[in-house]
Amino acid sequence: MSKKILILLAHPNLKDSKANRVLADAARGLPGVVVHDLYLLYPDFRIDVKKEQALLVDADLIVYQFPFYWYSSPALFKEWQDKVLEWGFAFGKGGDKLEGKKVFVALTTGGPQEAYQSGGNNQYSIVEFLRPLEQTANFCRMDYRAPFVVPHIQNLSEAELTAQAHRYREVLSSLTEL
C-alpha cells in the first residue's frame, strides 16, 4: 500500500533557490507525495492551524524541507511549529494525533560537509544542530529518521545538483512503498 508523504517546504524565496526548488520539483509528481509550500501559502505568517493539522493527520510520513539558515530553519517554519504542534493535538492530554508518524528533515547547506563536524568551521554536526527537531518529534511521539542533507549547494554543478535531486526522489519513492 502506498504511503502519503507530506513535504513541508519552507524556503522564503523558492523561485531564486538553486537547490530547494530542484529538490521540490523532483518530489512533485511522485505517487502519494504532496509538496506544501509554506511561504507561498502564508507570506503573512497567518497560518491556518486546522488546515495544517488535517494535512498532518492525513500523512504517513512528514518531511521538513528547508535551507539551513544560521544553524536552524527559516522563520516561518518555526512559526508553523509553534502554532500547529499545539497541546491537545501533538502532545499533552489528547495530543496523540502524530504518534507513530515518521518524520525527517531534508535540508541544504551553504557550507561543505566537513564544516559540520567537531573541529570543522561550525564545530558541530548537522545531526547535533537538528537535535531540537528530533526532540520535538520525540515529544510528539513521532518516529524521527536520519536527515537528508545536500551540502555546499553554491558549489554544486548542474550535474551534481541533478544527482542530488534524483537521490531525494529515490529516498521518497522508497518511503512511499513501506
# chains A, B, ... in the order shown; residues from 1 in each chain; ligands from 1
>>> residues_around(residues="segment 73-86 of chain A", least_positions_apart="4", cutoff="12 Å", atoms="only C-alpha atoms", output="compact mmCIF listing (two decimals) with all heavy atoms, in the first residue's frame")
# COMPACT_ATOMS: atom_id res chain seq x y z
N LEU A 8 6.71 19.54 3.91
CA LEU A 8 6.50 20.91 4.37
C LEU A 8 7.72 21.72 3.93
O LEU A 8 8.78 21.66 4.55
CB LEU A 8 6.32 20.96 5.88
CG LEU A 8 5.07 20.26 6.39
CD1 LEU A 8 5.12 20.10 7.90
CD2 LEU A 8 3.83 21.00 5.95
N LEU A 9 7.56 22.42 2.82
CA LEU A 9 8.64 23.17 2.21
C LEU A 9 8.65 24.59 2.78
O LEU A 9 7.64 25.29 2.72
CB LEU A 9 8.43 23.20 0.70
CG LEU A 9 9.40 24.02 -0.14
CD1 LEU A 9 10.83 23.54 0.02
CD2 LEU A 9 8.97 23.98 -1.60
N ALA A 10 9.79 24.98 3.34
CA ALA A 10 9.90 26.31 3.95
C ALA A 10 11.13 27.03 3.39
O ALA A 10 12.22 26.97 3.95
CB ALA A 10 9.99 26.20 5.47
N HIS A 11 10.93 27.66 2.24
CA HIS A 11 12.00 28.46 1.65
C HIS A 11 11.44 29.84 1.36
O HIS A 11 10.47 29.98 0.62
CB HIS A 11 12.51 27.82 0.36
CG HIS A 11 13.79 28.42 -0.13
ND1 HIS A 11 13.91 29.74 -0.52
CD2 HIS A 11 15.03 27.88 -0.25
CE1 HIS A 11 15.15 29.98 -0.88
NE2 HIS A 11 15.86 28.88 -0.72
N PRO A 12 12.02 30.89 1.93
CA PRO A 12 11.47 32.24 1.79
C PRO A 12 11.49 32.80 0.37
O PRO A 12 10.77 33.74 0.07
CB PRO A 12 12.32 33.10 2.71
CG PRO A 12 13.25 32.21 3.41
CD PRO A 12 13.14 30.84 2.85
N ASN A 13 12.31 32.23 -0.50
CA ASN A 13 12.38 32.74 -1.87
C ASN A 13 12.65 31.58 -2.83
O ASN A 13 13.71 31.49 -3.44
CB ASN A 13 13.48 33.80 -1.97
CG ASN A 13 13.45 34.53 -3.29
OD1 ASN A 13 12.53 34.38 -4.10
ND2 ASN A 13 14.48 35.33 -3.53
N HIS A 36 4.03 20.96 0.02
CA HIS A 36 3.21 22.00 0.65
C HIS A 36 4.12 23.20 0.96
O HIS A 36 4.88 23.18 1.93
CB HIS A 36 2.61 21.40 1.92
CG HIS A 36 1.57 22.21 2.58
ND1 HIS A 36 0.37 22.53 2.01
CD2 HIS A 36 1.56 22.77 3.82
CE1 HIS A 36 -0.36 23.24 2.86
NE2 HIS A 36 0.36 23.41 3.96
N ASP A 37 4.06 24.24 0.11
CA ASP A 37 4.96 25.39 0.19
C ASP A 37 4.43 26.41 1.20
O ASP A 37 3.51 27.17 0.92
CB ASP A 37 5.08 26.00 -1.21
CG ASP A 37 6.09 27.12 -1.30
OD1 ASP A 37 6.45 27.71 -0.25
OD2 ASP A 37 6.51 27.43 -2.43
N LEU A 38 5.02 26.43 2.38
CA LEU A 38 4.54 27.29 3.46
C LEU A 38 4.66 28.78 3.13
O LEU A 38 3.76 29.56 3.45
CB LEU A 38 5.28 26.97 4.76
CG LEU A 38 5.05 25.58 5.34
CD1 LEU A 38 5.91 25.36 6.58
CD2 LEU A 38 3.58 25.35 5.65
N TYR A 39 5.76 29.20 2.51
CA TYR A 39 5.92 30.63 2.20
C TYR A 39 4.96 31.09 1.10
O TYR A 39 4.53 32.23 1.10
CB TYR A 39 7.37 30.96 1.84
CG TYR A 39 8.22 31.21 3.06
CD1 TYR A 39 8.92 30.17 3.66
CD2 TYR A 39 8.32 32.47 3.63
CE1 TYR A 39 9.70 30.39 4.79
CE2 TYR A 39 9.09 32.70 4.75
CZ TYR A 39 9.77 31.65 5.34
OH TYR A 39 10.53 31.88 6.45
N LEU A 40 4.61 30.20 0.19
CA LEU A 40 3.63 30.54 -0.83
C LEU A 40 2.25 30.70 -0.20
O LEU A 40 1.51 31.63 -0.51
CB LEU A 40 3.60 29.45 -1.91
CG LEU A 40 2.60 29.67 -3.05
CD1 LEU A 40 2.99 30.88 -3.88
CD2 LEU A 40 2.53 28.41 -3.92
N LEU A 41 1.91 29.80 0.71
CA LEU A 41 0.59 29.81 1.35
C LEU A 41 0.44 30.87 2.44
O LEU A 41 -0.66 31.39 2.64
CB LEU A 41 0.30 28.43 1.95
CG LEU A 41 0.13 27.31 0.93
CD1 LEU A 41 0.21 25.96 1.63
CD2 LEU A 41 -1.18 27.48 0.19
N TYR A 42 1.52 31.15 3.16
CA TYR A 42 1.42 32.03 4.32
C TYR A 42 2.48 33.14 4.30
O TYR A 42 3.28 33.27 5.24
CB TYR A 42 1.55 31.21 5.61
CG TYR A 42 0.58 30.07 5.70
CD1 TYR A 42 1.01 28.74 5.72
CD2 TYR A 42 -0.80 30.32 5.75
CE1 TYR A 42 0.10 27.69 5.80
CE2 TYR A 42 -1.71 29.27 5.83
CZ TYR A 42 -1.24 27.97 5.85
OH TYR A 42 -2.14 26.92 5.92
N PRO A 43 2.51 33.97 3.26
CA PRO A 43 3.52 35.04 3.21
C PRO A 43 3.36 36.04 4.36
O PRO A 43 4.32 36.72 4.72
CB PRO A 43 3.28 35.70 1.85
CG PRO A 43 1.87 35.37 1.52
CD PRO A 43 1.59 34.02 2.13
N ASP A 44 2.16 36.10 4.94
CA ASP A 44 1.89 37.00 6.06
C ASP A 44 2.06 36.31 7.42
O ASP A 44 1.78 36.89 8.45
CB ASP A 44 0.47 37.56 5.94
CG ASP A 44 -0.59 36.46 5.92
OD1 ASP A 44 -0.25 35.25 6.01
OD2 ASP A 44 -1.78 36.81 5.81
N PHE A 45 2.49 35.04 7.39
CA PHE A 45 2.72 34.23 8.60
C PHE A 45 1.41 33.91 9.35
O PHE A 45 1.45 33.46 10.48
CB PHE A 45 3.70 34.91 9.56
CG PHE A 45 5.16 34.72 9.18
CD1 PHE A 45 5.61 35.02 7.91
CD2 PHE A 45 6.07 34.25 10.11
CE1 PHE A 45 6.94 34.87 7.56
CE2 PHE A 45 7.41 34.09 9.77
CZ PHE A 45 7.85 34.41 8.49
N ARG A 46 0.27 34.13 8.72
CA ARG A 46 -1.02 33.81 9.35
C ARG A 46 -1.41 32.40 8.95
O ARG A 46 -2.06 32.18 7.92
CB ARG A 46 -2.06 34.84 8.94
CG ARG A 46 -1.68 36.23 9.46
CD ARG A 46 -2.71 37.22 9.18
NE ARG A 46 -3.93 36.81 9.90
CZ ARG A 46 -4.98 37.56 10.05
NH1 ARG A 46 -5.01 38.76 9.52
NH2 ARG A 46 -6.02 37.12 10.72
N ILE A 47 -1.01 31.46 9.75
CA ILE A 47 -1.13 30.04 9.45
C ILE A 47 -2.53 29.52 9.77
O ILE A 47 -3.06 29.79 10.86
CB ILE A 47 -0.05 29.25 10.24
CG1 ILE A 47 1.34 29.70 9.75
CG2 ILE A 47 -0.24 27.75 10.11
CD1 ILE A 47 2.47 29.25 10.63
N ASP A 48 -3.10 28.77 8.85
CA ASP A 48 -4.39 28.11 9.06
C ASP A 48 -4.11 26.81 9.83
O ASP A 48 -3.83 25.77 9.25
CB ASP A 48 -5.05 27.82 7.72
CG ASP A 48 -6.42 27.19 7.84
OD1 ASP A 48 -6.75 26.63 8.91
OD2 ASP A 48 -7.18 27.25 6.84
N VAL A 49 -4.17 26.90 11.14
CA VAL A 49 -3.76 25.80 12.02
C VAL A 49 -4.58 24.54 11.76
O VAL A 49 -4.03 23.44 11.63
CB VAL A 49 -3.86 26.23 13.50
CG1 VAL A 49 -3.65 25.05 14.44
CG2 VAL A 49 -2.84 27.33 13.78
N LYS A 50 -5.88 24.66 11.65
CA LYS A 50 -6.73 23.47 11.45
C LYS A 50 -6.42 22.79 10.12
O LYS A 50 -6.39 21.56 10.04
CB LYS A 50 -8.21 23.84 11.55
CG LYS A 50 -8.63 24.30 12.94
CD LYS A 50 -8.30 23.26 13.99
CE LYS A 50 -8.64 23.74 15.38
NZ LYS A 50 -7.92 23.03 16.44
N LYS A 51 -6.20 23.57 9.07
CA LYS A 51 -5.84 23.00 7.77
C LYS A 51 -4.51 22.25 7.86
O LYS A 51 -4.38 21.14 7.35
CB LYS A 51 -5.74 24.12 6.72
CG LYS A 51 -5.26 23.64 5.37
CD LYS A 51 -5.10 24.79 4.39
CE LYS A 51 -4.48 24.34 3.10
NZ LYS A 51 -4.27 25.45 2.17
N GLU A 52 -3.53 22.86 8.51
CA GLU A 52 -2.22 22.24 8.66
C GLU A 52 -2.31 20.96 9.49
O GLU A 52 -1.68 19.96 9.16
CB GLU A 52 -1.22 23.23 9.27
CG GLU A 52 -0.95 24.44 8.42
CD GLU A 52 -0.39 24.11 7.06
OE1 GLU A 52 0.60 23.36 6.98
OE2 GLU A 52 -0.93 24.61 6.05
N GLN A 53 -3.09 21.00 10.55
CA GLN A 53 -3.25 19.80 11.37
C GLN A 53 -3.92 18.68 10.60
O GLN A 53 -3.53 17.51 10.71
CB GLN A 53 -4.03 20.14 12.64
CG GLN A 53 -3.22 20.98 13.60
CD GLN A 53 -4.00 21.42 14.82
OE1 GLN A 53 -5.22 21.42 14.85
NE2 GLN A 53 -3.27 21.85 15.85
N ALA A 54 -4.91 19.01 9.78
CA ALA A 54 -5.58 17.99 8.95
C ALA A 54 -4.60 17.35 7.98
O ALA A 54 -4.63 16.13 7.76
CB ALA A 54 -6.77 18.61 8.21
N LEU A 55 -3.72 18.15 7.39
CA LEU A 55 -2.70 17.61 6.48
C LEU A 55 -1.77 16.64 7.21
O LEU A 55 -1.41 15.59 6.68
CB LEU A 55 -1.89 18.73 5.85
CG LEU A 55 -2.60 19.55 4.79
CD1 LEU A 55 -1.79 20.80 4.45
CD2 LEU A 55 -2.85 18.73 3.53
N LEU A 56 -1.39 17.00 8.42
CA LEU A 56 -0.52 16.14 9.22
C LEU A 56 -1.20 14.82 9.57
O LEU A 56 -0.59 13.75 9.49
CB LEU A 56 -0.08 16.85 10.49
CG LEU A 56 0.88 18.02 10.32
CD1 LEU A 56 1.07 18.74 11.65
CD2 LEU A 56 2.21 17.56 9.75
N VAL A 57 -2.45 14.90 9.95
CA VAL A 57 -3.20 13.70 10.32
C VAL A 57 -3.29 12.75 9.12
O VAL A 57 -3.18 11.53 9.25
CB VAL A 57 -4.60 14.06 10.86
CG1 VAL A 57 -5.50 12.85 10.95
CG2 VAL A 57 -4.47 14.74 12.22
N VAL A 63 7.96 15.34 5.91
CA VAL A 63 9.31 15.81 5.60
C VAL A 63 9.35 17.31 5.82
O VAL A 63 8.51 18.04 5.29
CB VAL A 63 9.69 15.48 4.14
CG1 VAL A 63 11.10 15.98 3.83
CG2 VAL A 63 9.56 14.00 3.85
N TYR A 64 10.32 17.76 6.61
CA TYR A 64 10.56 19.19 6.79
C TYR A 64 11.70 19.55 5.84
O TYR A 64 12.84 19.15 6.05
CB TYR A 64 10.98 19.51 8.21
CG TYR A 64 10.04 19.08 9.30
CD1 TYR A 64 10.54 18.63 10.52
CD2 TYR A 64 8.66 19.14 9.15
CE1 TYR A 64 9.69 18.25 11.56
CE2 TYR A 64 7.80 18.77 10.18
CZ TYR A 64 8.33 18.32 11.38
OH TYR A 64 7.49 17.96 12.40
N GLN A 65 11.40 20.28 4.77
CA GLN A 65 12.44 20.65 3.79
C GLN A 65 12.69 22.14 3.84
O GLN A 65 11.77 22.95 3.70
CB GLN A 65 12.01 20.25 2.37
CG GLN A 65 13.07 20.57 1.35
CD GLN A 65 12.65 20.30 -0.07
OE1 GLN A 65 11.90 19.38 -0.35
NE2 GLN A 65 13.12 21.13 -0.99
N PHE A 66 13.97 22.50 4.02
CA PHE A 66 14.32 23.92 4.09
C PHE A 66 15.82 24.12 3.91
O PHE A 66 16.61 23.19 4.10
CB PHE A 66 13.88 24.53 5.42
CG PHE A 66 14.36 23.79 6.65
CD1 PHE A 66 15.62 24.02 7.18
CD2 PHE A 66 13.52 22.90 7.31
CE1 PHE A 66 16.05 23.36 8.32
CE2 PHE A 66 13.95 22.23 8.46
CZ PHE A 66 15.22 22.46 8.96
N PRO A 67 16.21 25.35 3.58
CA PRO A 67 17.64 25.69 3.61
C PRO A 67 18.06 25.93 5.05
O PRO A 67 17.29 26.46 5.85
CB PRO A 67 17.71 26.98 2.79
CG PRO A 67 16.35 27.60 2.92
CD PRO A 67 15.38 26.46 3.10
N PHE A 68 19.25 25.53 5.38
CA PHE A 68 19.78 25.67 6.74
C PHE A 68 20.26 27.09 6.94
O PHE A 68 21.28 27.50 6.37
CB PHE A 68 20.92 24.66 6.91
CG PHE A 68 21.19 24.25 8.31
CD1 PHE A 68 20.19 23.87 9.18
CD2 PHE A 68 22.50 24.19 8.76
CE1 PHE A 68 20.46 23.46 10.47
CE2 PHE A 68 22.79 23.78 10.05
CZ PHE A 68 21.77 23.41 10.90
N TYR A 69 19.51 27.88 7.72
CA TYR A 69 19.82 29.29 7.96
C TYR A 69 20.31 29.47 9.40
O TYR A 69 19.57 29.19 10.34
CB TYR A 69 18.57 30.15 7.79
CG TYR A 69 18.13 30.42 6.38
CD1 TYR A 69 16.95 31.11 6.14
CD2 TYR A 69 18.87 30.03 5.28
CE1 TYR A 69 16.53 31.38 4.84
CE2 TYR A 69 18.45 30.30 3.99
CZ TYR A 69 17.28 30.98 3.79
OH TYR A 69 16.87 31.24 2.52
N ALA A 90 -0.68 17.61 19.27
CA ALA A 90 0.59 16.92 19.09
C ALA A 90 1.18 16.36 20.39
O ALA A 90 2.03 15.49 20.36
CB ALA A 90 1.60 17.87 18.44
N PHE A 91 0.73 16.86 21.52
CA PHE A 91 1.23 16.40 22.81
C PHE A 91 0.20 16.74 23.88
O PHE A 91 -0.79 17.43 23.62
CB PHE A 91 2.60 17.03 23.14
CG PHE A 91 2.54 18.52 23.36
CD1 PHE A 91 2.43 19.04 24.64
CD2 PHE A 91 2.58 19.41 22.29
CE1 PHE A 91 2.37 20.41 24.86
CE2 PHE A 91 2.52 20.78 22.49
CZ PHE A 91 2.42 21.28 23.78
N GLY A 92 0.44 16.26 25.09
CA GLY A 92 -0.46 16.54 26.21
C GLY A 92 -1.72 15.69 26.14
O GLY A 92 -1.83 14.77 25.34
N LYS A 93 -2.67 16.02 26.98
CA LYS A 93 -3.92 15.27 27.06
C LYS A 93 -4.62 15.30 25.69
O LYS A 93 -4.90 16.37 25.16
CB LYS A 93 -4.83 15.87 28.12
CG LYS A 93 -6.09 15.06 28.33
CD LYS A 93 -6.94 15.62 29.45
CE LYS A 93 -8.18 14.76 29.60
NZ LYS A 93 -9.04 15.26 30.66
N GLY A 94 -4.86 14.14 25.13
CA GLY A 94 -5.49 14.03 23.82
C GLY A 94 -4.57 14.36 22.67
O GLY A 94 -4.98 14.31 21.51
N GLY A 95 -3.32 14.67 22.94
CA GLY A 95 -2.37 15.08 21.90
C GLY A 95 -1.62 13.93 21.29
O GLY A 95 -0.39 13.87 21.36
N ASP A 96 -2.35 13.02 20.68
CA ASP A 96 -1.74 11.82 20.11
C ASP A 96 -1.87 11.74 18.59
O ASP A 96 -1.66 10.69 18.00
CB ASP A 96 -2.37 10.59 20.73
CG ASP A 96 -3.88 10.54 20.49
OD1 ASP A 96 -4.46 11.49 19.92
OD2 ASP A 96 -4.49 9.53 20.90
N LYS A 97 -2.19 12.85 17.94
CA LYS A 97 -2.51 12.81 16.50
C LYS A 97 -1.30 12.51 15.62
O LYS A 97 -1.47 12.09 14.48
CB LYS A 97 -3.14 14.14 16.06
CG LYS A 97 -4.31 14.63 16.90
CD LYS A 97 -5.41 13.61 17.01
CE LYS A 97 -6.60 14.12 17.78
NZ LYS A 97 -6.47 14.16 19.23
N LEU A 98 -0.10 12.72 16.13
CA LEU A 98 1.10 12.46 15.34
C LEU A 98 1.85 11.21 15.77
O LEU A 98 2.87 10.85 15.17
CB LEU A 98 2.04 13.68 15.41
CG LEU A 98 1.42 15.00 14.96
CD1 LEU A 98 2.42 16.14 15.13
CD2 LEU A 98 0.92 14.91 13.54
N VAL A 105 14.09 15.40 8.20
CA VAL A 105 14.44 16.72 7.70
C VAL A 105 15.23 16.55 6.41
O VAL A 105 16.14 15.72 6.34
CB VAL A 105 15.30 17.49 8.74
CG1 VAL A 105 15.74 18.83 8.19
CG2 VAL A 105 14.54 17.65 10.05
N ALA A 106 14.87 17.33 5.40
CA ALA A 106 15.64 17.42 4.16
C ALA A 106 16.13 18.85 4.07
O ALA A 106 15.32 19.78 4.02
CB ALA A 106 14.77 17.07 2.96
N LEU A 107 17.45 19.04 4.11
CA LEU A 107 17.95 20.41 4.13
C LEU A 107 19.16 20.58 3.22
O LEU A 107 19.82 19.62 2.84
CB LEU A 107 18.26 20.87 5.54
CG LEU A 107 19.29 20.14 6.37
CD1 LEU A 107 20.69 20.62 6.04
CD2 LEU A 107 19.02 20.39 7.83
N THR A 108 19.38 21.84 2.90
CA THR A 108 20.55 22.22 2.11
C THR A 108 21.41 23.15 2.95
O THR A 108 20.90 23.88 3.80
CB THR A 108 20.11 22.95 0.82
OG1 THR A 108 19.34 24.11 1.16
CG2 THR A 108 19.29 22.03 -0.07
N THR A 109 22.71 23.08 2.72
CA THR A 109 23.63 23.96 3.45
C THR A 109 24.52 24.71 2.47
O THR A 109 24.81 24.22 1.38
CB THR A 109 24.54 23.18 4.43
OG1 THR A 109 25.49 22.40 3.68
CG2 THR A 109 23.74 22.29 5.36
N PHE A 129 22.99 19.89 15.31
CA PHE A 129 22.20 21.11 15.12
C PHE A 129 20.70 20.82 15.02
O PHE A 129 19.89 21.68 15.37
CB PHE A 129 22.65 21.85 13.86
CG PHE A 129 23.92 22.64 14.03
CD1 PHE A 129 25.03 22.34 13.27
CD2 PHE A 129 24.01 23.67 14.96
CE1 PHE A 129 26.21 23.07 13.41
CE2 PHE A 129 25.18 24.40 15.12
CZ PHE A 129 26.29 24.09 14.35
N LEU A 130 20.34 19.63 14.58
CA LEU A 130 18.93 19.27 14.41
C LEU A 130 18.30 18.64 15.67
O LEU A 130 17.15 18.24 15.64
CB LEU A 130 18.75 18.34 13.21
CG LEU A 130 19.05 18.96 11.85
CD1 LEU A 130 18.93 17.90 10.75
CD2 LEU A 130 18.15 20.14 11.57
N PRO A 132 16.94 19.89 18.34
CA PRO A 132 15.62 20.41 18.73
C PRO A 132 14.47 19.82 17.89
O PRO A 132 13.41 19.52 18.44
CB PRO A 132 15.74 21.92 18.50
CG PRO A 132 17.21 22.19 18.67
CD PRO A 132 17.89 20.99 18.07
N LEU A 133 14.69 19.61 16.61
CA LEU A 133 13.64 18.98 15.79
C LEU A 133 13.47 17.52 16.15
O LEU A 133 12.34 17.00 16.17
CB LEU A 133 13.96 19.13 14.30
CG LEU A 133 13.83 20.54 13.75
CD1 LEU A 133 14.27 20.60 12.29
CD2 LEU A 133 12.41 21.06 13.89
N THR A 136 11.57 17.49 19.41
CA THR A 136 10.17 17.83 19.15
C THR A 136 9.43 16.60 18.64
O THR A 136 8.31 16.30 19.09
CB THR A 136 10.06 18.99 18.15
OG1 THR A 136 10.69 20.14 18.71
CG2 THR A 136 8.61 19.32 17.82
N ALA A 137 10.04 15.89 17.71
CA ALA A 137 9.44 14.66 17.20
C ALA A 137 9.25 13.64 18.32
O ALA A 137 8.19 13.01 18.44
CB ALA A 137 10.29 14.08 16.08
N PHE A 139 8.94 14.24 21.50
CA PHE A 139 7.91 14.75 22.40
C PHE A 139 6.51 14.49 21.85
O PHE A 139 5.57 14.25 22.60
CB PHE A 139 8.14 16.25 22.62
CG PHE A 139 7.38 16.83 23.78
CD1 PHE A 139 7.67 16.46 25.08
CD2 PHE A 139 6.38 17.76 23.57
CE1 PHE A 139 6.98 16.99 26.16
CE2 PHE A 139 5.67 18.30 24.63
CZ PHE A 139 5.97 17.91 25.93
N CYS A 140 6.40 14.54 20.53
CA CYS A 140 5.11 14.28 19.86
C CYS A 140 4.93 12.79 19.54
O CYS A 140 3.98 12.42 18.85
CB CYS A 140 5.01 15.10 18.58
SG CYS A 140 5.03 16.89 18.84
N ARG A 141 5.84 11.97 20.03
CA ARG A 141 5.82 10.51 19.85
C ARG A 141 5.86 10.10 18.37
O ARG A 141 5.24 9.15 17.95
CB ARG A 141 4.63 9.89 20.56
CG ARG A 141 4.71 10.09 22.07
CD ARG A 141 3.55 9.50 22.84
NE ARG A 141 2.24 9.97 22.45
CZ ARG A 141 1.68 11.12 22.82
NH1 ARG A 141 2.35 11.94 23.57
NH2 ARG A 141 0.47 11.44 22.44
N MET A 142 6.64 10.86 17.61
CA MET A 142 6.86 10.55 16.20
C MET A 142 8.14 9.74 16.05
O MET A 142 8.98 9.70 16.95
CB MET A 142 6.96 11.85 15.39
CG MET A 142 5.70 12.71 15.46
SD MET A 142 5.93 14.32 14.70
CE MET A 142 5.73 13.88 12.97
>>> residues_around(residues="Ala146 of chain A", least_positions_apart="4", cutoff="9 Å", atoms="only C-alpha atoms", output="PDB file with N, CA and C atoms, in the first residue's frame")
ATOM      1  N   VAL A 103       9.029  11.003  10.455  1.00  0.00           N
ATOM      2  CA  VAL A 103       9.395  12.370  10.106  1.00  0.00           C
ATOM      3  C   VAL A 103      10.902  12.437   9.867  1.00  0.00           C
ATOM      4  N   PHE A 104      11.294  13.220   8.862  1.00  0.00           N
ATOM      5  CA  PHE A 104      12.712  13.512   8.685  1.00  0.00           C
ATOM      6  C   PHE A 104      12.880  14.893   8.086  1.00  0.00           C
ATOM      7  N   VAL A 105      14.092  15.396   8.205  1.00  0.00           N
ATOM      8  CA  VAL A 105      14.445  16.715   7.705  1.00  0.00           C
ATOM      9  C   VAL A 105      15.232  16.548   6.409  1.00  0.00           C
ATOM     10  N   VAL A 127      23.501  16.633  12.521  1.00  0.00           N
ATOM     11  CA  VAL A 127      22.663  15.877  13.464  1.00  0.00           C
ATOM     12  C   VAL A 127      22.565  16.610  14.795  1.00  0.00           C
TER      13      VAL A 127
END
>>> select_by_dssp(residues="segment 71-116 of chain A", states="alpha helix (DSSP H)", output="ChimeraX atom specification")
/A:75-84
>>> residues_around(residues="Asp143 of chain A", least_positions_apart="5", cutoff="6 Å", atoms="only C-alpha atoms", output="PDB file with N, CA and C atoms, in the first residue's frame")
ATOM      1  N   GLY A 100       3.521   7.891  16.168  1.00  0.00           N
ATOM      2  CA  GLY A 100       3.909   6.841  15.236  1.00  0.00           C
ATOM      3  C   GLY A 100       4.194   7.315  13.819  1.00  0.00           C
ATOM      4  N   LYS A 101       3.909   8.554  13.510  1.00  0.00           N
ATOM      5  CA  LYS A 101       4.198   9.050  12.155  1.00  0.00           C
ATOM      6  C   LYS A 101       5.703   9.228  11.995  1.00  0.00           C
ATOM      7  N   LYS A 102       6.186   8.888  10.812  1.00  0.00           N
ATOM      8  CA  LYS A 102       7.604   9.048  10.517  1.00  0.00           C
ATOM      9  C   LYS A 102       7.858  10.490  10.084  1.00  0.00           C
TER      10      LYS A 102
END
>>> closest_residue(among="A:Val35, A:Ala24, A:Ile7, A:Ile126", to="His166 of chain A", atoms="only C-alpha atoms")
A:Ala24
>>> residues_around(residues="Leu30 of chain A", least_positions_apart="4", cutoff="12 Å", atoms="only C-alpha atoms", output="VMD selection string")
chain A and resid 2 to 7 24 to 26 34 to 35 166 168 to 177
>>> closest_residue(among="A:Ser72, A:Asn121, A:Gln135, A:Ala165", to="Phe148 of chain A", atoms="only C-alpha atoms")
A:Ala165
>>> select_by_dssp(residues="segment 4-167 of chain A", states="strand (DSSP E)", output="list in words")
Ile5, Leu6, Ile7, Leu8, Leu9, Val33, Val34, Val35, His36, Asp37, Leu61, Ile62, Val63, Tyr64, Gln65, Phe66, Pro67, Lys102, Val103, Phe104, Val105, Ala106, Leu107, Thr108, Asp143, Tyr144, Phe148, Val149 and Val150 of chain A
>>> closest_residue(among="A:Leu161, A:Ile62, A:Val33, A:Ala115", to="Ala19 of chain A", atoms="only C-alpha atoms")
A:Leu161
>>> residues_around(residues="Asn122 of chain A", least_positions_apart="6", cutoff="9 Å", atoms="only C-alpha atoms", output="PyMOL selection string")
chain A and resi 71+111+115-116
>>> write_last_selection(atoms="all heavy atoms", output="PDB file, in the first residue's frame")
ATOM      1  N   TYR A  71      22.083  27.880  11.393  1.00  0.00           N
ATOM      2  CA  TYR A  71      22.018  26.669  12.211  1.00  0.00           C
ATOM      3  C   TYR A  71      20.596  26.282  12.589  1.00  0.00           C
ATOM      4  O   TYR A  71      20.362  25.603  13.594  1.00  0.00           O
ATOM      5  CB  TYR A  71      22.907  26.798  13.459  1.00  0.00           C
ATOM      6  CG  TYR A  71      24.286  27.296  13.114  1.00  0.00           C
ATOM      7  CD1 TYR A  71      24.687  28.586  13.441  1.00  0.00           C
ATOM      8  CD2 TYR A  71      25.160  26.487  12.415  1.00  0.00           C
ATOM      9  CE1 TYR A  71      25.950  29.048  13.084  1.00  0.00           C
ATOM     10  CE2 TYR A  71      26.422  26.953  12.053  1.00  0.00           C
ATOM     11  CZ  TYR A  71      26.812  28.225  12.392  1.00  0.00           C
ATOM     12  OH  TYR A  71      28.044  28.690  12.042  1.00  0.00           O
ATOM     13  N   GLY A 111      27.598  25.597   3.506  1.00  0.00           N
ATOM     14  CA  GLY A 111      28.932  25.109   3.827  1.00  0.00           C
ATOM     15  C   GLY A 111      29.145  23.671   3.394  1.00  0.00           C
ATOM     16  O   GLY A 111      28.197  22.915   3.223  1.00  0.00           O
ATOM     17  N   ALA A 115      32.635  21.021   7.147  1.00  0.00           N
ATOM     18  CA  ALA A 115      32.478  22.157   8.069  1.00  0.00           C
ATOM     19  C   ALA A 115      31.572  21.809   9.242  1.00  0.00           C
ATOM     20  O   ALA A 115      31.619  22.460  10.280  1.00  0.00           O
ATOM     21  CB  ALA A 115      31.922  23.371   7.328  1.00  0.00           C
ATOM     22  N   TYR A 116      30.767  20.764   9.074  1.00  0.00           N
ATOM     23  CA  TYR A 116      29.793  20.367  10.096  1.00  0.00           C
ATOM     24  C   TYR A 116      30.294  19.138  10.851  1.00  0.00           C
ATOM     25  O   TYR A 116      29.754  18.041  10.723  1.00  0.00           O
ATOM     26  CB  TYR A 116      28.426  20.110   9.456  1.00  0.00           C
ATOM     27  CG  TYR A 116      27.815  21.368   8.898  1.00  0.00           C
ATOM     28  CD1 TYR A 116      27.942  21.688   7.558  1.00  0.00           C
ATOM     29  CD2 TYR A 116      27.146  22.259   9.722  1.00  0.00           C
ATOM     30  CE1 TYR A 116      27.402  22.859   7.051  1.00  0.00           C
ATOM     31  CE2 TYR A 116      26.608  23.428   9.233  1.00  0.00           C
ATOM     32  CZ  TYR A 116      26.740  23.726   7.888  1.00  0.00           C
ATOM     33  OH  TYR A 116      26.206  24.890   7.396  1.00  0.00           O
TER      34      TYR A 116
END
>>> residues_around(residues="Asn155 of chain A", least_positions_apart="3", cutoff="10 Å", atoms="only C-alpha atoms", output="list in words")
Gly110, Gly111, Pro112, Pro151, His152, Glu158, Glu160 and Leu161 of chain A
